[in-house]
Structures are given as C-alpha cells and as structure tokens.
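Asker: Structure file my_file_30.pdb, PDB, C-alpha atoms, is pasted below:
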```
ATOM      1  CA  MET A   1       0.000   0.000   0.000  1.00  0.00           C
ATOM      2  CA  ILE A   2       1.131   3.550  -0.748  1.00  0.00           C
ATOM      3  CA  ARG A   3       0.793   5.530   2.480  1.00  0.00           C
ATOM      4  CA  VAL A   4      -0.588   9.048   2.123  1.00  0.00           C
ATOM      5  CA  LEU A   5      -0.576  12.050   4.459  1.00  0.00           C
ATOM      6  CA  LEU A   6      -3.303  14.627   3.757  1.00  0.00           C
ATOM      7  CA  VAL A   7      -2.243  18.225   4.454  1.00  0.00           C
ATOM      8  CA  GLU A   8      -5.313  20.483   4.241  1.00  0.00           C
ATOM      9  CA  ASP A   9      -6.572  23.050   6.757  1.00  0.00           C
ATOM     10  CA  ASP A  10     -10.232  22.865   5.672  1.00  0.00           C
ATOM     11  CA  PRO A  11     -11.842  19.809   7.366  1.00  0.00           C
ATOM     12  CA  MET A  12     -14.516  19.397   4.710  1.00  0.00           C
ATOM     13  CA  VAL A  13     -11.994  19.422   1.853  1.00  0.00           C
ATOM     14  CA  ALA A  14      -9.754  17.044   3.805  1.00  0.00           C
ATOM     15  CA  GLU A  15     -12.671  14.635   4.221  1.00  0.00           C
ATOM     16  CA  LEU A  16     -13.466  14.846   0.485  1.00  0.00           C
ATOM     17  CA  ASN A  17      -9.830  14.074  -0.340  1.00  0.00           C
ATOM     18  CA  ARG A  18      -9.872  11.166   2.105  1.00  0.00           C
ATOM     19  CA  MET A  19     -13.041   9.830   0.484  1.00  0.00           C
ATOM     20  CA  TYR A  20     -11.533  10.150  -2.996  1.00  0.00           C
ATOM     21  CA  LEU A  21      -8.343   8.412  -1.870  1.00  0.00           C
ATOM     22  CA  SER A  22     -10.296   5.458  -0.471  1.00  0.00           C
ATOM     23  CA  ARG A  23     -11.690   4.840  -3.964  1.00  0.00           C
ATOM     24  CA  VAL A  24      -8.242   4.284  -5.508  1.00  0.00           C
ATOM     25  CA  PRO A  25      -6.828   0.776  -4.948  1.00  0.00           C
ATOM     26  CA  GLY A  26      -3.333   0.604  -3.512  1.00  0.00           C
ATOM     27  CA  PHE A  27      -3.522   3.833  -1.484  1.00  0.00           C
ATOM     28  CA  GLU A  28      -4.342   4.441   2.163  1.00  0.00           C
ATOM     29  CA  THR A  29      -4.579   7.580   4.300  1.00  0.00           C
ATOM     30  CA  VAL A  30      -2.311   7.227   7.325  1.00  0.00           C
ATOM     31  CA  ALA A  31      -2.989  10.648   8.866  1.00  0.00           C
ATOM     32  CA  SER A  32      -4.277  14.157   8.215  1.00  0.00           C
ATOM     33  CA  ALA A  33      -2.639  17.489   9.110  1.00  0.00           C
ATOM     34  CA  ARG A  34      -4.102  21.005   9.137  1.00  0.00           C
ATOM     35  CA  SER A  35      -0.795  22.923   9.090  1.00  0.00           C
ATOM     36  CA  ALA A  36       2.796  22.610   7.926  1.00  0.00           C
ATOM     37  CA  SER A  37       4.106  22.207  11.468  1.00  0.00           C
ATOM     38  CA  GLU A  38       1.644  19.423  12.209  1.00  0.00           C
ATOM     39  CA  ALA A  39       2.589  17.718   8.943  1.00  0.00           C
ATOM     40  CA  LEU A  40       6.294  17.758   9.851  1.00  0.00           C
ATOM     41  CA  GLU A  41       5.507  16.184  13.231  1.00  0.00           C
ATOM     42  CA  LEU A  42       3.472  13.433  11.558  1.00  0.00           C
ATOM     43  CA  LEU A  43       6.262  12.772   9.060  1.00  0.00           C
ATOM     44  CA  GLN A  44       8.535  12.055  12.012  1.00  0.00           C
ATOM     45  CA  SER A  45       6.096   9.634  13.642  1.00  0.00           C
ATOM     46  CA  HIS A  46       4.528   7.919  10.605  1.00  0.00           C
ATOM     47  CA  THR A  47       5.855   6.123   7.550  1.00  0.00           C
ATOM     48  CA  VAL A  48       4.604   8.237   4.633  1.00  0.00           C
ATOM     49  CA  ASP A  49       5.202   7.790   0.904  1.00  0.00           C
ATOM     50  CA  LEU A  50       3.114  10.627  -0.494  1.00  0.00           C
ATOM     51  CA  LEU A  51       1.670  13.977   0.589  1.00  0.00           C
ATOM     52  CA  LEU A  52      -1.513  15.448  -0.869  1.00  0.00           C
ATOM     53  CA  LEU A  53      -0.594  19.025  -0.058  1.00  0.00           C
ATOM     54  CA  ASP A  54      -2.486  22.318  -0.141  1.00  0.00           C
ATOM     55  CA  ILE A  55      -0.601  25.611  -0.549  1.00  0.00           C
ATOM     56  CA  PHE A  56      -2.857  28.099   1.254  1.00  0.00           C
ATOM     57  CA  MET A  57      -2.639  27.238   4.958  1.00  0.00           C
ATOM     58  CA  PRO A  58      -2.275  29.200   8.204  1.00  0.00           C
ATOM     59  CA  GLY A  59       1.342  29.770   9.172  1.00  0.00           C
ATOM     60  CA  GLN A  60       3.669  28.229   6.632  1.00  0.00           C
ATOM     61  CA  SER A  61       2.424  27.634   3.099  1.00  0.00           C
ATOM     62  CA  GLY A  62       2.570  24.307   1.310  1.00  0.00           C
ATOM     63  CA  ILE A  63       5.512  25.573  -0.728  1.00  0.00           C
ATOM     64  CA  GLU A  64       7.392  26.428   2.466  1.00  0.00           C
ATOM     65  CA  LEU A  65       6.572  23.006   3.873  1.00  0.00           C
ATOM     66  CA  MET A  66       7.966  21.316   0.776  1.00  0.00           C
ATOM     67  CA  GLU A  67      11.119  23.450   1.013  1.00  0.00           C
ATOM     68  CA  GLY A  68      11.492  22.239   4.611  1.00  0.00           C
ATOM     69  CA  ILE A  69      11.003  18.632   3.499  1.00  0.00           C
ATOM     70  CA  ARG A  70      13.758  19.032   0.905  1.00  0.00           C
ATOM     71  CA  ARG A  71      16.140  20.667   3.419  1.00  0.00           C
ATOM     72  CA  ARG A  72      15.612  17.719   5.749  1.00  0.00           C
ATOM     73  CA  ALA A  73      16.071  15.269   2.850  1.00  0.00           C
ATOM     74  CA  LEU A  74      12.870  13.441   3.837  1.00  0.00           C
ATOM     75  CA  ASP A  75      12.048  10.587   1.465  1.00  0.00           C
ATOM     76  CA  VAL A  76       8.499  11.582   0.593  1.00  0.00           C
ATOM     77  CA  ASP A  77       6.769  12.610  -2.635  1.00  0.00           C
ATOM     78  CA  VAL A  78       4.257  15.450  -3.055  1.00  0.00           C
ATOM     79  CA  ILE A  79       1.153  15.998  -5.156  1.00  0.00           C
ATOM     80  CA  PHE A  80      -0.174  19.522  -4.719  1.00  0.00           C
ATOM     81  CA  VAL A  81      -3.956  19.864  -4.454  1.00  0.00           C
ATOM     82  CA  THR A  82      -4.629  23.589  -4.293  1.00  0.00           C
ATOM     83  CA  ALA A  83      -6.441  26.633  -5.651  1.00  0.00           C
ATOM     84  CA  ALA A  84      -3.095  28.375  -6.332  1.00  0.00           C
ATOM     85  CA  ARG A  85      -2.959  28.756 -10.092  1.00  0.00           C
ATOM     86  CA  ASP A  86      -0.306  31.388 -10.843  1.00  0.00           C
ATOM     87  CA  ALA A  87       2.595  30.263 -13.022  1.00  0.00           C
ATOM     88  CA  VAL A  88       5.247  31.356 -10.513  1.00  0.00           C
ATOM     89  CA  THR A  89       3.844  29.115  -7.773  1.00  0.00           C
ATOM     90  CA  ILE A  90       3.359  26.189 -10.135  1.00  0.00           C
ATOM     91  CA  ASP A  91       6.905  26.571 -11.444  1.00  0.00           C
ATOM     92  CA  ARG A  92       8.306  26.646  -7.901  1.00  0.00           C
ATOM     93  CA  ALA A  93       6.333  23.530  -6.943  1.00  0.00           C
ATOM     94  CA  LEU A  94       7.636  21.618  -9.937  1.00  0.00           C
ATOM     95  CA  LYS A  95      11.211  22.750  -9.345  1.00  0.00           C
ATOM     96  CA  LEU A  96      10.929  21.427  -5.792  1.00  0.00           C
ATOM     97  CA  GLY A  97      10.006  18.062  -7.277  1.00  0.00           C
ATOM     98  CA  ALA A  98       6.218  17.833  -7.054  1.00  0.00           C
ATOM     99  CA  VAL A  99       5.109  14.753  -8.986  1.00  0.00           C
ATOM    100  CA  ASP A 100       1.806  16.391  -9.980  1.00  0.00           C
ATOM    101  CA  TYR A 101      -0.200  19.560  -9.438  1.00  0.00           C
ATOM    102  CA  LEU A 102      -4.014  19.626  -9.286  1.00  0.00           C
ATOM    103  CA  ILE A 103      -5.879  22.925  -9.406  1.00  0.00           C
ATOM    104  CA  LYS A 104      -9.063  23.088  -7.337  1.00  0.00           C
ATOM    105  CA  PRO A 105     -11.774  22.362  -8.102  1.00  0.00           C
ATOM    106  CA  PHE A 106     -11.017  19.087  -9.831  1.00  0.00           C
ATOM    107  CA  GLU A 107     -12.979  15.970 -10.618  1.00  0.00           C
ATOM    108  CA  PHE A 108     -12.224  12.618  -9.012  1.00  0.00           C
ATOM    109  CA  GLU A 109     -10.966  11.202 -12.314  1.00  0.00           C
ATOM    110  CA  ARG A 110      -8.149  13.776 -12.424  1.00  0.00           C
ATOM    111  CA  LEU A 111      -6.972  12.819  -8.940  1.00  0.00           C
ATOM    112  CA  LYS A 112      -7.252   9.134  -9.802  1.00  0.00           C
ATOM    113  CA  GLN A 113      -5.165   9.778 -12.894  1.00  0.00           C
ATOM    114  CA  ALA A 114      -2.463  11.447 -10.779  1.00  0.00           C
ATOM    115  CA  LEU A 115      -2.462   8.612  -8.242  1.00  0.00           C
ATOM    116  CA  ASP A 116      -2.440   5.905 -10.918  1.00  0.00           C
ATOM    117  CA  ARG A 117       0.556   7.552 -12.590  1.00  0.00           C
ATOM    118  CA  TYR A 118       2.339   7.824  -9.271  1.00  0.00           C
ATOM    119  CA  GLY A 119       1.612   4.199  -8.460  1.00  0.00           C
ATOM    120  CA  GLU A 120       2.916   3.161 -11.878  1.00  0.00           C
ATOM    121  CA  THR A 121       6.164   5.086 -11.305  1.00  0.00           C
ATOM    122  CA  ARG A 122       6.586   3.490  -7.878  1.00  0.00           C
ATOM    123  CA  ARG A 123       6.213   0.038  -9.410  1.00  0.00           C
ATOM    124  CA  MET A 124       8.766   0.863 -12.102  1.00  0.00           C
ATOM    125  CA  ILE A 125      11.276   1.947  -9.456  1.00  0.00           C
ATOM    126  CA  ARG A 126      10.565  -1.107  -7.329  1.00  0.00           C
ATOM    127  CA  ASP A 127      11.028  -3.451 -10.296  1.00  0.00           C
ATOM    128  CA  GLY A 128      14.160  -1.670 -11.558  1.00  0.00           C
ATOM    129  CA  GLN A 129      12.684  -0.939 -15.003  1.00  0.00           C
ATOM    130  CA  THR A 130      14.357   1.219 -17.655  1.00  0.00           C
ATOM    131  CA  LEU A 131      12.767   3.852 -19.931  1.00  0.00           C
ATOM    132  CA  ASP A 132      13.256   4.591 -23.602  1.00  0.00           C
ATOM    133  CA  GLN A 133      13.361   8.190 -24.851  1.00  0.00           C
ATOM    134  CA  ALA A 134       9.710   8.240 -25.984  1.00  0.00           C
ATOM    135  CA  GLU A 135       8.446   7.110 -22.573  1.00  0.00           C
ATOM    136  CA  LEU A 136      10.729   9.562 -20.775  1.00  0.00           C
ATOM    137  CA  ASP A 137       9.541  12.445 -23.003  1.00  0.00           C
ATOM    138  CA  ARG A 138       5.920  11.531 -22.276  1.00  0.00           C
ATOM    139  CA  ARG A 139       6.542  11.580 -18.529  1.00  0.00           C
ATOM    140  CA  LEU A 140       8.512  14.833 -18.569  1.00  0.00           C
ATOM    141  CA  ALA A 141       5.801  16.542 -20.628  1.00  0.00           C
ATOM    142  CA  ARG A 142       3.394  16.115 -17.704  1.00  0.00           C
ATOM    143  CA  ARG A 143       5.576  18.395 -15.584  1.00  0.00           C
ATOM    144  CA  THR A 144       5.230  21.529 -17.728  1.00  0.00           C
ATOM    145  CA  PRO A 145       2.737  24.195 -16.574  1.00  0.00           C
ATOM    146  CA  GLU A 146       1.474  25.005 -20.083  1.00  0.00           C
ATOM    147  CA  GLY A 147      -0.997  22.148 -20.205  1.00  0.00           C
ATOM    148  CA  ARG A 148      -2.271  22.591 -16.665  1.00  0.00           C
ATOM    149  CA  LYS A 149      -5.368  24.647 -17.389  1.00  0.00           C
ATOM    150  CA  ALA A 150      -8.109  25.098 -14.822  1.00  0.00           C
ATOM    151  CA  GLU A 151     -11.044  22.785 -15.259  1.00  0.00           C
ATOM    152  CA  GLY A 152     -14.549  24.126 -15.618  1.00  0.00           C
ATOM    153  CA  LEU A 153     -17.373  23.642 -13.181  1.00  0.00           C
ATOM    154  CA  PRO A 154     -17.766  20.070 -11.918  1.00  0.00           C
ATOM    155  CA  LYS A 155     -20.462  18.012 -13.609  1.00  0.00           C
ATOM    156  CA  GLY A 156     -23.928  18.742 -12.309  1.00  0.00           C
ATOM    157  CA  LEU A 157     -23.238  22.391 -11.464  1.00  0.00           C
ATOM    158  CA  ASP A 158     -24.659  25.280 -13.451  1.00  0.00           C
ATOM    159  CA  ARG A 159     -23.133  28.744 -13.836  1.00  0.00           C
ATOM    160  CA  ASN A 160     -26.444  30.580 -13.479  1.00  0.00           C
ATOM    161  CA  THR A 161     -27.304  28.709 -10.303  1.00  0.00           C
ATOM    162  CA  LEU A 162     -23.799  29.281  -8.945  1.00  0.00           C
ATOM    163  CA  ASP A 163     -24.257  32.991  -9.602  1.00  0.00           C
ATOM    164  CA  LYS A 164     -27.541  32.987  -7.647  1.00  0.00           C
ATOM    165  CA  VAL A 165     -25.931  31.135  -4.741  1.00  0.00           C
ATOM    166  CA  LEU A 166     -23.018  33.572  -4.675  1.00  0.00           C
ATOM    167  CA  GLN A 167     -25.382  36.536  -4.733  1.00  0.00           C
ATOM    168  CA  ALA A 168     -27.381  35.076  -1.842  1.00  0.00           C
ATOM    169  CA  ILE A 169     -24.397  34.375   0.409  1.00  0.00           C
ATOM    170  CA  SER A 170     -22.691  37.667  -0.493  1.00  0.00           C
ATOM    171  CA  ALA A 171     -25.759  39.583   0.649  1.00  0.00           C
ATOM    172  CA  TRP A 172     -26.204  37.557   3.838  1.00  0.00           C
ATOM    173  CA  PRO A 173     -26.665  39.857   6.888  1.00  0.00           C
ATOM    174  CA  GLU A 174     -23.427  40.473   8.775  1.00  0.00           C
ATOM    175  CA  THR A 175     -25.391  40.421  12.025  1.00  0.00           C
ATOM    176  CA  THR A 176     -25.986  36.678  11.521  1.00  0.00           C
ATOM    177  CA  PRO A 177     -23.086  35.657   9.246  1.00  0.00           C
ATOM    178  CA  TRP A 178     -23.525  31.886   9.540  1.00  0.00           C
ATOM    179  CA  PHE A 179     -26.092  30.186   7.285  1.00  0.00           C
ATOM    180  CA  THR A 180     -27.222  26.690   6.311  1.00  0.00           C
ATOM    181  CA  SER A 181     -27.780  25.091   2.910  1.00  0.00           C
ATOM    182  CA  GLU A 182     -31.497  24.929   3.692  1.00  0.00           C
ATOM    183  CA  GLU A 183     -31.704  28.677   4.377  1.00  0.00           C
ATOM    184  CA  VAL A 184     -29.882  29.538   1.158  1.00  0.00           C
ATOM    185  CA  GLY A 185     -31.955  27.009  -0.783  1.00  0.00           C
ATOM    186  CA  GLN A 186     -35.167  28.704   0.329  1.00  0.00           C
ATOM    187  CA  GLN A 187     -33.845  32.068  -0.795  1.00  0.00           C
ATOM    188  CA  VAL A 188     -32.502  30.862  -4.162  1.00  0.00           C
ATOM    189  CA  GLY A 189     -35.409  28.505  -4.876  1.00  0.00           C
ATOM    190  CA  ILE A 190     -33.572  25.194  -5.091  1.00  0.00           C
ATOM    191  CA  SER A 191     -33.403  22.161  -2.814  1.00  0.00           C
ATOM    192  CA  ARG A 192     -31.103  21.854   0.193  1.00  0.00           C
ATOM    193  CA  VAL A 193     -29.397  18.866  -1.469  1.00  0.00           C
ATOM    194  CA  SER A 194     -28.664  20.919  -4.586  1.00  0.00           C
ATOM    195  CA  VAL A 195     -27.304  23.828  -2.555  1.00  0.00           C
ATOM    196  CA  ARG A 196     -25.059  21.410  -0.691  1.00  0.00           C
ATOM    197  CA  LYS A 197     -23.341  20.446  -3.967  1.00  0.00           C
ATOM    198  CA  TYR A 198     -22.538  24.096  -4.635  1.00  0.00           C
ATOM    199  CA  PHE A 199     -21.382  24.542  -1.040  1.00  0.00           C
ATOM    200  CA  GLU A 200     -19.025  21.576  -1.344  1.00  0.00           C
ATOM    201  CA  PHE A 201     -17.578  23.149  -4.484  1.00  0.00           C
ATOM    202  CA  LEU A 202     -17.182  26.526  -2.737  1.00  0.00           C
ATOM    203  CA  CYS A 203     -15.533  24.834   0.236  1.00  0.00           C
ATOM    204  CA  THR A 204     -12.862  23.389  -2.050  1.00  0.00           C
ATOM    205  CA  LEU A 205     -12.095  26.980  -3.118  1.00  0.00           C
ATOM    206  CA  LYS A 206     -12.166  28.118   0.537  1.00  0.00           C
ATOM    207  CA  VAL A 207     -14.945  30.576  -0.351  1.00  0.00           C
ATOM    208  CA  LEU A 208     -16.952  28.923   2.432  1.00  0.00           C
ATOM    209  CA  ARG A 209     -15.894  27.634   5.817  1.00  0.00           C
ATOM    210  CA  MET A 210     -17.964  24.842   7.319  1.00  0.00           C
ATOM    211  CA  GLU A 211     -18.794  24.269  10.966  1.00  0.00           C
ATOM    212  CA  PRO A 212     -20.185  20.767  11.618  1.00  0.00           C
ATOM    213  CA  GLY A 213     -23.375  20.486  13.639  1.00  0.00           C
ATOM    214  CA  TYR A 214     -26.508  18.438  14.187  1.00  0.00           C
ATOM    215  CA  GLY A 215     -30.183  19.288  14.343  1.00  0.00           C
ATOM    216  CA  THR A 216     -33.151  17.497  15.819  1.00  0.00           C
ATOM    217  CA  GLY A 217     -33.070  13.729  15.463  1.00  0.00           C
ATOM    218  CA  GLY A 218     -29.311  13.756  14.917  1.00  0.00           C
ATOM    219  CA  ARG A 219     -29.570  14.981  11.296  1.00  0.00           C
ATOM    220  CA  PRO A 220     -26.380  16.792  10.210  1.00  0.00           C
ATOM    221  CA  VAL A 221     -27.073  20.533   9.928  1.00  0.00           C
ATOM    222  CA  HIS A 222     -23.771  22.156   9.041  1.00  0.00           C
ATOM    223  CA  ARG A 223     -23.338  25.928   9.175  1.00  0.00           C
ATOM    224  CA  PHE A 224     -21.325  27.882   6.638  1.00  0.00           C
ATOM    225  CA  LEU A 225     -19.480  31.200   6.719  1.00  0.00           C
ATOM    226  CA  LEU A 226     -18.492  33.264   3.680  1.00  0.00           C
ATOM    227  CA  GLN A 227     -14.761  34.011   3.438  1.00  0.00           C
ATOM    228  CA  LYS A 228     -14.829  37.102   1.241  1.00  0.00           C
ATOM    229  CA  ALA A 229     -11.085  37.087   0.584  1.00  0.00           C
ATOM    230  CA  TYR A 230     -11.553  33.985  -1.600  1.00  0.00           C
ATOM    231  CA  LEU A 231     -14.739  35.084  -3.357  1.00  0.00           C
ATOM    232  CA  ARG A 232     -12.886  36.016  -6.539  1.00  0.00           C
ATOM    233  CA  GLU A 233     -11.900  32.347  -6.957  1.00  0.00           C
ATOM    234  CA  ALA A 234     -15.542  31.381  -7.451  1.00  0.00           C
ATOM    235  CA  LYS A 235     -16.348  34.313  -9.727  1.00  0.00           C
ATOM    236  CA  ARG A 236     -13.868  32.954 -12.289  1.00  0.00           C
ATOM    237  CA  PHE A 237     -16.436  30.287 -13.147  1.00  0.00           C
ATOM    238  CA  LEU A 238     -19.272  32.666 -13.980  1.00  0.00           C
TER     239      LEU A 238
END
```
Would you mind giving the structure from this file in structure tokens?
Answerer:
Amino acid sequence: MIRVLLVEDDPMVAELNRMYLSRVPGFETVASARSASEALELLQSHTVDLLLLDIFMPGQSGIELMEGIRRRALDVDVIFVTAARDAVTIDRALKLGAVDYLIKPFEFERLKQALDRYGETRRMIRDGQTLDQAELDRRLARRTPEGRKAEGLPKGLDRNTLDKVLQAISAWPETTPWFTSEEVGQQVGISRVSVRKYFEFLCTLKVLRMEPGYGTGGRPVHRFLLQKAYLREAKRFL
C-alpha cells in the first residue's frame, strides 16, 4: 500500500480528499494534518510515501513546507492539491520536485489519474525498469505548466445557479453571518441537497468555511461562513 498524508486546513476538503483516496486501490490515508508544522511532526512519527498538499494554509504555506522537506532530505513525494494557479507558484512547486499539481476544483478522475501515474512510477522503481526516450519524453511533458489549465465547473453544477448562490451568500446579513444550505436554498429557490453540492464546491475553493453540527433527530445541519477574501476564486467560473 502507498501511504498518504493529507495536508489540508479545511476539514470538509480534507474529508473529500480522504473519500476520494479510499476509492483508488493501492492507497491508504495514514494521517491528516491542518498545518505545515503538524505535517512535519506526523512525518517524524509515521511512515509516509506521499503527501496530498495544499498551498494556502495558516502559518507556513505548502511551498514552504515542501522546502522544509527538501532541506531535511525526507524521502516523501508530493502531489499539490490547491487553488493556487499562478505560473510562478506552479513553477516553484515543480522545481521542488512535485510529482503532480491539481488545481481546485477538480474531478475525481483527475486525482485518480495522478495517483495511478504515481503508483505506476513506484512500481517501475521497485522493479528496476528502464525507460526509452519516448516514454521519458511523455513523462517529462506532464511536468510543464502550459498544459495545466483550470477545469470548468464540476459536472452537475450550473453557472447561473452558482451565480444565484453567490449573490445570496454575499448579501447575507453580517449580524448573523452563519447560514445553512437549507436557508440559502429557500432564498434561491432550489433544494437543500442541490445547494449542498454548490457549497461543497465553494468549500474546495475556501470561499466557504464549514462548521459541523446536528439538528433534531441527529440529522447533520452544518453551518457555513463566507470568506470574502476567496470570493474572486468562485467568480472565475461565472
């Protein structure tokens, strides 16, 4: 099994990544960290092959964490899973040796593709295989930023509906800043389940912060808070 450490400060996104990882044979999550310092501690106490690493985190960034990993010569690989999309950051990540770079939001198939490729490379190293020039060129081509364009909205999401959801949460009263998917659904005119899909998408962009909770009968009733500093990330999809 390839042992993976998740490094993501948003608990909802971390849980989504954990769920995705469980669907790929040959990989297991050994631990989850919410900061660079916590990740370094876990690397000392756990055997880890691969990090799924965010860049935007409190304290040190993911790039700074990877620089620390390289200074310490820790034998661990990194796949970045982040909303950071500027060429400078991507170039720095690749120069530090990231094996792949996924721009949020992404579909499960793109993550599976990254993990499958990583697993294939691990098997080649384990078996002592050699590469011809064509295969090497194909693998090196994956590391260039030019082809790493942002994906569109995930399947099942609509730009017009996203715009309505963004308008609703942007205008939410500051006196009661927390809201639920049911409250926003009533205002926008769509079901709570549908709103939840948009909220999950916005959480991956850190536009929303989730606070877990439960209502009557033990039904999960999570509250959400708009993080205006990240709002521009969502508006790119309109």
Asker: Apply the PyMOL selection byres ((chain A and resi 105) around 10) to the structure shown and report the selected residues as a list in words.
Answerer: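 Matching residues under the PyMOL selection byres ((chain A and resi 105) around 10) are Val81, Thr82, Ala83, Leu102, Ile103, Lys104, Phe106, Glu107, Phe108, Ala150, Glu151, Gly152, Leu153, Pro154, Glu200, Phe201, Leu202, Cys203, Thr204, Leu205 and Ala234 of chain A.
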Asker: Quick one: apply the PyMOL selection byres ((chain A and resi 23-38) around 10) to the file and drop the selected residues here as an NGL selection string.
Answerer: :A and (1-11 or 14-15 or 17-22 or 39-43 or 46-66 or 68 or 108 or 111-113 or 115-116 or 119)
Asker: Selection from above, C-alpha atoms, as a tab-separated table (two decimals), in the frame of the given file, can you write it?
Answerer:
```tsv
chain	number	residue	atom	x	y	z
A	1	MET	CA	0.00	0.00	0.00
A	2	ILE	CA	1.13	3.55	-0.75
A	3	ARG	CA	0.79	5.53	2.48
A	4	VAL	CA	-0.59	9.05	2.12
A	5	LEU	CA	-0.58	12.05	4.46
A	6	LEU	CA	-3.30	14.63	3.76
A	7	VAL	CA	-2.24	18.23	4.45
A	8	GLU	CA	-5.31	20.48	4.24
A	9	ASP	CA	-6.57	23.05	6.76
A	10	ASP	CA	-10.23	22.86	5.67
A	11	PRO	CA	-11.84	19.81	7.37
A	14	ALA	CA	-9.75	17.04	3.80
A	15	GLU	CA	-12.67	14.64	4.22
A	17	ASN	CA	-9.83	14.07	-0.34
A	18	ARG	CA	-9.87	11.17	2.10
A	19	MET	CA	-13.04	9.83	0.48
A	20	TYR	CA	-11.53	10.15	-3.00
A	21	LEU	CA	-8.34	8.41	-1.87
A	22	SER	CA	-10.30	5.46	-0.47
A	39	ALA	CA	2.59	17.72	8.94
A	40	LEU	CA	6.29	17.76	9.85
A	41	GLU	CA	5.51	16.18	13.23
A	42	LEU	CA	3.47	13.43	11.56
A	43	LEU	CA	6.26	12.77	9.06
A	46	HIS	CA	4.53	7.92	10.60
A	47	THR	CA	5.86	6.12	7.55
A	48	VAL	CA	4.60	8.24	4.63
A	49	ASP	CA	5.20	7.79	0.90
A	50	LEU	CA	3.11	10.63	-0.49
A	51	LEU	CA	1.67	13.98	0.59
A	52	LEU	CA	-1.51	15.45	-0.87
A	53	LEU	CA	-0.59	19.02	-0.06
A	54	ASP	CA	-2.49	22.32	-0.14
A	55	ILE	CA	-0.60	25.61	-0.55
A	56	PHE	CA	-2.86	28.10	1.25
A	57	MET	CA	-2.64	27.24	4.96
A	58	PRO	CA	-2.28	29.20	8.20
A	59	GLY	CA	1.34	29.77	9.17
A	60	GLN	CA	3.67	28.23	6.63
A	61	SER	CA	2.42	27.63	3.10
A	62	GLY	CA	2.57	24.31	1.31
A	63	ILE	CA	5.51	25.57	-0.73
A	64	GLU	CA	7.39	26.43	2.47
A	65	LEU	CA	6.57	23.01	3.87
A	66	MET	CA	7.97	21.32	0.78
A	68	GLY	CA	11.49	22.24	4.61
A	108	PHE	CA	-12.22	12.62	-9.01
A	111	LEU	CA	-6.97	12.82	-8.94
A	112	LYS	CA	-7.25	9.13	-9.80
A	113	GLN	CA	-5.16	9.78	-12.89
A	115	LEU	CA	-2.46	8.61	-8.24
A	116	ASP	CA	-2.44	5.90	-10.92
A	119	GLY	CA	1.61	4.20	-8.46
```
Asker: Could you tell me how far CA of Arg223 in chain A lies from CA of Phe179 in chain A, in Å and to one decimal?
Answerer: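 Rounded to one decimal, the two atoms are 5.4 Å apart.
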Asker: Using all atoms listed in the file, pick whichever of A:Thr175, A:Ser170, A:Thr89, A:Gln129 has the shortest atom-to-atom distance to Leu231 in chain A.
Answerer: A:Ser170
Asker: Please compute the CA of Trp172 in chain A-CA of Ala229 in chain A distance, one decimal, in Å.
Answerer: 15.5 Å
Asker: Using all atoms listed in the file, which protein or nucleic acid residues come within 8 Å of range 93-99 of chain A? Drop anything in the same chain fewer than 6 positions from it, and give the result as a list of chain:residue names.
Answerer: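 Near neighbours after the sequence-gap exclusion: A:Ile63, A:Met66, A:Glu67, A:Arg70, A:Asp77, A:Val78, A:Ile79, A:Phe80, A:Tyr118, A:Arg143.
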Asker: Between A:Gly213, A:Arg159, A:Asp127, A:Phe224, which is the closest to Ser181 in chain A once you count all atoms listed in the file?
Answerer: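 Of the candidates, the smallest distance to Ser181 in chain A is held by A:Phe224.
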Asker: From the list A:Leu16, A:Ala84, A:Val76, A:Ala171, which residue is nearest Gln44 in chain A when using all atoms listed in the file?
Answerer: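 Of the candidates, the smallest distance to Gln44 in chain A is held by A:Val76.
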Asker: Using all atoms listed in the file, can you tell me which of A:Leu162, A:Met210, A:Ile90, A:Val221 comes closest to Arg236 in chain A?
Answerer: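 Closest candidate: A:Leu162.
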Asker: In terms of the shortest atom-to-atom distance over only C-alpha atoms, which of A:Lys235, A:Arg192, A:Thr130, A:Ala114 is closest to Tyr101 in chain A?
Answerer: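 Of the candidates, the smallest distance to Tyr101 in chain A is held by A:Ala114.
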Asker: Given only C-alpha atoms as the basis, pick out the residue of A:Lys206, A:Ser194, A:Lys228, A:Gly156 nearest to Pro177 in chain A.
Answerer: A:Lys228
Asker: Quote the spacing between CA of Asp86 in chain A and CA of Glu109 in chain A in Å to one decimal place.
Answerer: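 Computing the Euclidean distance for CA of Asp86 in chain A and CA of Glu109 in chain A yields 22.9 Å.
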Asker: Return the padded bounding box of range 39-46 of chain A as AutoDock Vina command-line options: axis-aligned, built from all atoms listed in the file, 3 Å added on each side, with centre and edge lengths in Å to one decimal.
Answerer:
```
--center_x 5.6 --center_y 12.8 --center_z 11.3 --size_x 11.9 --size_y 15.8 --size_z 10.7
```
